[in-house]
Amino acid sequence: MNEEHARVFISCGQGSEGERTAASRVEEELKDLGFEPYLATRVQSARSLRESIFDKLRNTEYFLFLDFRREQVLTRNSEMEYRGSLFSHQELAIASFLDVELLAFREAGVIPLDGMLGHLQVNAIPFDNRQALPELVRREVRNQRWQNEWRNQLEVRQATPPFVRVAQVGGGEGVFFHLQVTNRHNRVAARNCYGYLRSVTNARANESVGFEGAEFKWAGYTLPNALIPPRSFRKLDALWIDPANPERPMFRAFADWSCCTPELVGPGSWDLEYEVLSDSVPGCRKTMRIEFGLNPGEIRFGETSLRL
């Protein structure tokens, strides 16, 4: 599985062909360094602003500010200087509020502490040659030791190994299938992580299966909320199978009411959508398919087949 790499929000003016060309070359430079850059485009409505710009800023790992010079103005020192891009300064303010790690670059001639740069006390790196800007960005990204292999999010995938056989009280054993929940953040612990089964769909009939829903159990842990350290993982009990009743998946939820988990009986095929949430790191969802009856005694969960 190819992991998604750290995202970089590129904020800059794009009012001229020269600005757009320089920004695109910086974008390609960041891709070459292994990042996933997003070159912010201007939006035309408040709704687009919320759904595009705000969403990208909220979910980025790094923020790159390029202050290209715009119209010429007369400063208090009676010198002719240039304004930067007003919209980019607004994005800079939001990134600072969200505490996103940032690098700022200021084109020669732009008022040094204009806009949010002065209020936020950002030390912008000056440049006077747009052709050389991509290489300057590359050098500073390396100097600041930006890392491309992490993300501010939880990641859910099928665990390795995908299942374990566990002795049951009273005899026999159960086969437990696990999901691996990884905290991709490089320094922030994911606090109060909760796992849920959000929806179940009959894949053959394309019909939803109704149930109330409740917090699921973490493997080897007796509380519904868990902490996952940075760059670490925990396993979530996705479902379990009783070999004595192999075509009826069972779920371990923190609830004493049967309506909080779906009633599924094979043969059949269902898509199970799981979600993991946290107080400190954005959560995510993962859909797994479970199939019974493909072959006698065979169960398939995600990419794993098991014959009981």
# chains A, B, ... in the order shown; residues from 1 in each chain; ligands from 1
>>> residues_around(residues="A:Ala95", least_positions_apart="4", cutoff="12 Å", atoms="only C-alpha atoms", output="mmCIF file with N, CA and C atoms, in the first residue's frame")
data_model
loop_
_atom_site.group_PDB
_atom_site.id
_atom_site.type_symbol
_atom_site.label_atom_id
_atom_site.label_comp_id
_atom_site.auth_asym_id
_atom_site.auth_seq_id
_atom_site.Cartn_x
_atom_site.Cartn_y
_atom_site.Cartn_z
ATOM 1 N N VAL A 8 1.467 20.114 1.316
ATOM 2 C CA VAL A 8 1.969 21.488 1.432
ATOM 3 C C VAL A 8 0.971 22.411 0.741
ATOM 4 N N PHE A 9 0.435 23.355 1.475
ATOM 5 C CA PHE A 9 -0.483 24.359 0.931
ATOM 6 C C PHE A 9 0.359 25.522 0.419
ATOM 7 N N ILE A 10 0.315 25.756 -0.894
ATOM 8 C CA ILE A 10 1.078 26.856 -1.492
ATOM 9 C C ILE A 10 0.152 28.056 -1.647
ATOM 10 N N SER A 11 0.461 29.123 -0.913
ATOM 11 C CA SER A 11 -0.346 30.337 -0.971
ATOM 12 C C SER A 11 0.458 31.422 -1.667
ATOM 13 N N ILE A 53 -10.713 26.249 0.277
ATOM 14 C CA ILE A 53 -9.548 26.832 0.948
ATOM 15 C C ILE A 53 -9.485 26.428 2.416
ATOM 16 N N PHE A 54 -10.575 26.639 3.155
ATOM 17 C CA PHE A 54 -10.559 26.315 4.583
ATOM 18 C C PHE A 54 -10.296 24.844 4.818
ATOM 19 N N ASP A 55 -10.924 23.994 4.011
ATOM 20 C CA ASP A 55 -10.747 22.549 4.175
ATOM 21 C C ASP A 55 -9.303 22.147 3.919
ATOM 22 N N LYS A 56 -8.692 22.705 2.886
ATOM 23 C CA LYS A 56 -7.296 22.385 2.580
ATOM 24 C C LYS A 56 -6.354 22.895 3.670
ATOM 25 N N LEU A 57 -6.609 24.085 4.170
ATOM 26 C CA LEU A 57 -5.758 24.625 5.231
ATOM 27 C C LEU A 57 -5.884 23.800 6.511
ATOM 28 N N ARG A 58 -7.077 23.359 6.811
ATOM 29 C CA ARG A 58 -7.303 22.588 8.039
ATOM 30 C C ARG A 58 -6.604 21.236 7.989
ATOM 31 N N ASN A 59 -6.386 20.723 6.802
ATOM 32 C CA ASN A 59 -5.850 19.370 6.658
ATOM 33 C C ASN A 59 -4.466 19.321 6.014
ATOM 34 N N THR A 60 -3.733 20.432 6.068
ATOM 35 C CA THR A 60 -2.387 20.427 5.495
ATOM 36 C C THR A 60 -1.348 20.264 6.596
ATOM 37 N N GLU A 61 -0.200 19.721 6.227
ATOM 38 C CA GLU A 61 0.895 19.572 7.190
ATOM 39 C C GLU A 61 1.843 20.771 7.183
ATOM 40 N N TYR A 62 2.001 21.406 6.013
ATOM 41 C CA TYR A 62 2.918 22.548 5.888
ATOM 42 C C TYR A 62 2.253 23.649 5.063
ATOM 43 N N PHE A 63 2.724 24.870 5.283
ATOM 44 C CA PHE A 63 2.183 26.035 4.582
ATOM 45 C C PHE A 63 3.348 26.815 3.977
ATOM 46 N N LEU A 64 3.269 27.053 2.669
ATOM 47 C CA LEU A 64 4.314 27.778 1.953
ATOM 48 C C LEU A 64 3.720 29.089 1.437
ATOM 49 N N PHE A 65 4.292 30.200 1.883
ATOM 50 C CA PHE A 65 3.783 31.529 1.552
ATOM 51 C C PHE A 65 4.743 32.214 0.587
ATOM 52 N N SER A 88 -3.526 36.091 -0.150
ATOM 53 C CA SER A 88 -2.511 35.214 0.434
ATOM 54 C C SER A 88 -2.249 35.566 1.890
ATOM 55 N N HIS A 89 -2.305 36.842 2.223
ATOM 56 C CA HIS A 89 -2.103 37.241 3.616
ATOM 57 C C HIS A 89 -3.253 36.736 4.493
ATOM 58 N N GLN A 90 -4.453 36.667 3.954
ATOM 59 C CA GLN A 90 -5.572 36.103 4.703
ATOM 60 C C GLN A 90 -5.347 34.608 4.952
ATOM 61 N N GLU A 91 -4.856 33.911 3.949
ATOM 62 C CA GLU A 91 -4.548 32.491 4.127
ATOM 63 C C GLU A 91 -3.435 32.297 5.146
ATOM 64 N N ASP A 99 -1.863 26.866 13.583
ATOM 65 C CA ASP A 99 -0.529 26.432 14.026
ATOM 66 C C ASP A 99 0.115 25.474 13.028
ATOM 67 N N VAL A 100 -0.029 25.786 11.743
ATOM 68 C CA VAL A 100 0.600 24.989 10.693
ATOM 69 C C VAL A 100 2.037 25.472 10.512
ATOM 70 N N GLU A 101 2.976 24.559 10.442
ATOM 71 C CA GLU A 101 4.378 24.933 10.229
ATOM 72 C C GLU A 101 4.516 25.598 8.861
ATOM 73 N N LEU A 102 5.213 26.729 8.807
ATOM 74 C CA LEU A 102 5.234 27.488 7.556
ATOM 75 C C LEU A 102 6.614 27.988 7.194
ATOM 76 N N LEU A 103 6.759 28.258 5.911
ATOM 77 C CA LEU A 103 7.903 28.964 5.353
ATOM 78 C C LEU A 103 7.354 30.102 4.502
ATOM 79 N N ALA A 104 7.978 31.289 4.613
ATOM 80 C CA ALA A 104 7.516 32.447 3.864
ATOM 81 C C ALA A 104 8.658 33.005 3.015
ATOM 82 N N MET A 116 -0.006 40.635 7.091
ATOM 83 C CA MET A 116 0.092 39.740 8.239
ATOM 84 C C MET A 116 1.528 39.427 8.622
ATOM 85 N N LEU A 120 2.323 38.891 12.555
ATOM 86 C CA LEU A 120 2.678 37.544 13.009
ATOM 87 C C LEU A 120 4.172 37.383 13.252
#
>>> atom_distance(atom1="atom CA of A:Glu29", atom2="atom CA of A:Glu17")
18.4 Å
>>> select_by_dssp(residues="stretch 6-249 of chain A", states="strand (DSSP E)", output="MDAnalysis selection string")
chainID A and resid 7:12 36:39 62:67 72:74 80:82 101:107 125:127 154:167 173:183 190:202 207:208 226:228 233:242 245:249
>>> residues_around(residues="A:Val156", least_positions_apart="3", cutoff="8 Å", atoms="only C-alpha atoms", output="PyMOL selection string")
chain A and resi 179-182+276+284-286
>>> residues_around(residues="A:Arg69", least_positions_apart="3", cutoff="10 Å", atoms="only C-alpha atoms", output="ChimeraX atom specification")
/A:13,19,66,72,81-85,106-111
>>> closest_residue(among="A:Gly302, A:Arg70, A:Ser269, A:Ser278", to="A:Asn202", atoms="only C-alpha atoms")
A:Ser269
>>> atom_distance(atom1="atom CA of A:Trp218", atom2="atom CA of A:Val265")
24.0 Å
>>> atom_distance(atom1="atom CA of A:Arg248", atom2="atom CA of A:Glu263")
8.0 Å
>>> select_by_dssp(residues="stretch 69-184 of chain A", states="alpha helix (DSSP H)", output="list in words")
Leu86, Phe87, Ser88, His89, Gln90, Glu91, Leu92, Ala93, Ile94, Ala95, Ser96, Phe97, Met116, Leu117, Gly118, His119, Leu120, Leu133, Pro134, Glu135, Leu136, Val137, Arg138, Arg139, Glu140, Val141, Arg142 and Asn143 of chain A
>>> closest_residue(among="A:Glu291, A:Glu298, A:Glu155, A:Glu27", to="A:Lys235", atoms="only C-alpha atoms")
A:Glu155
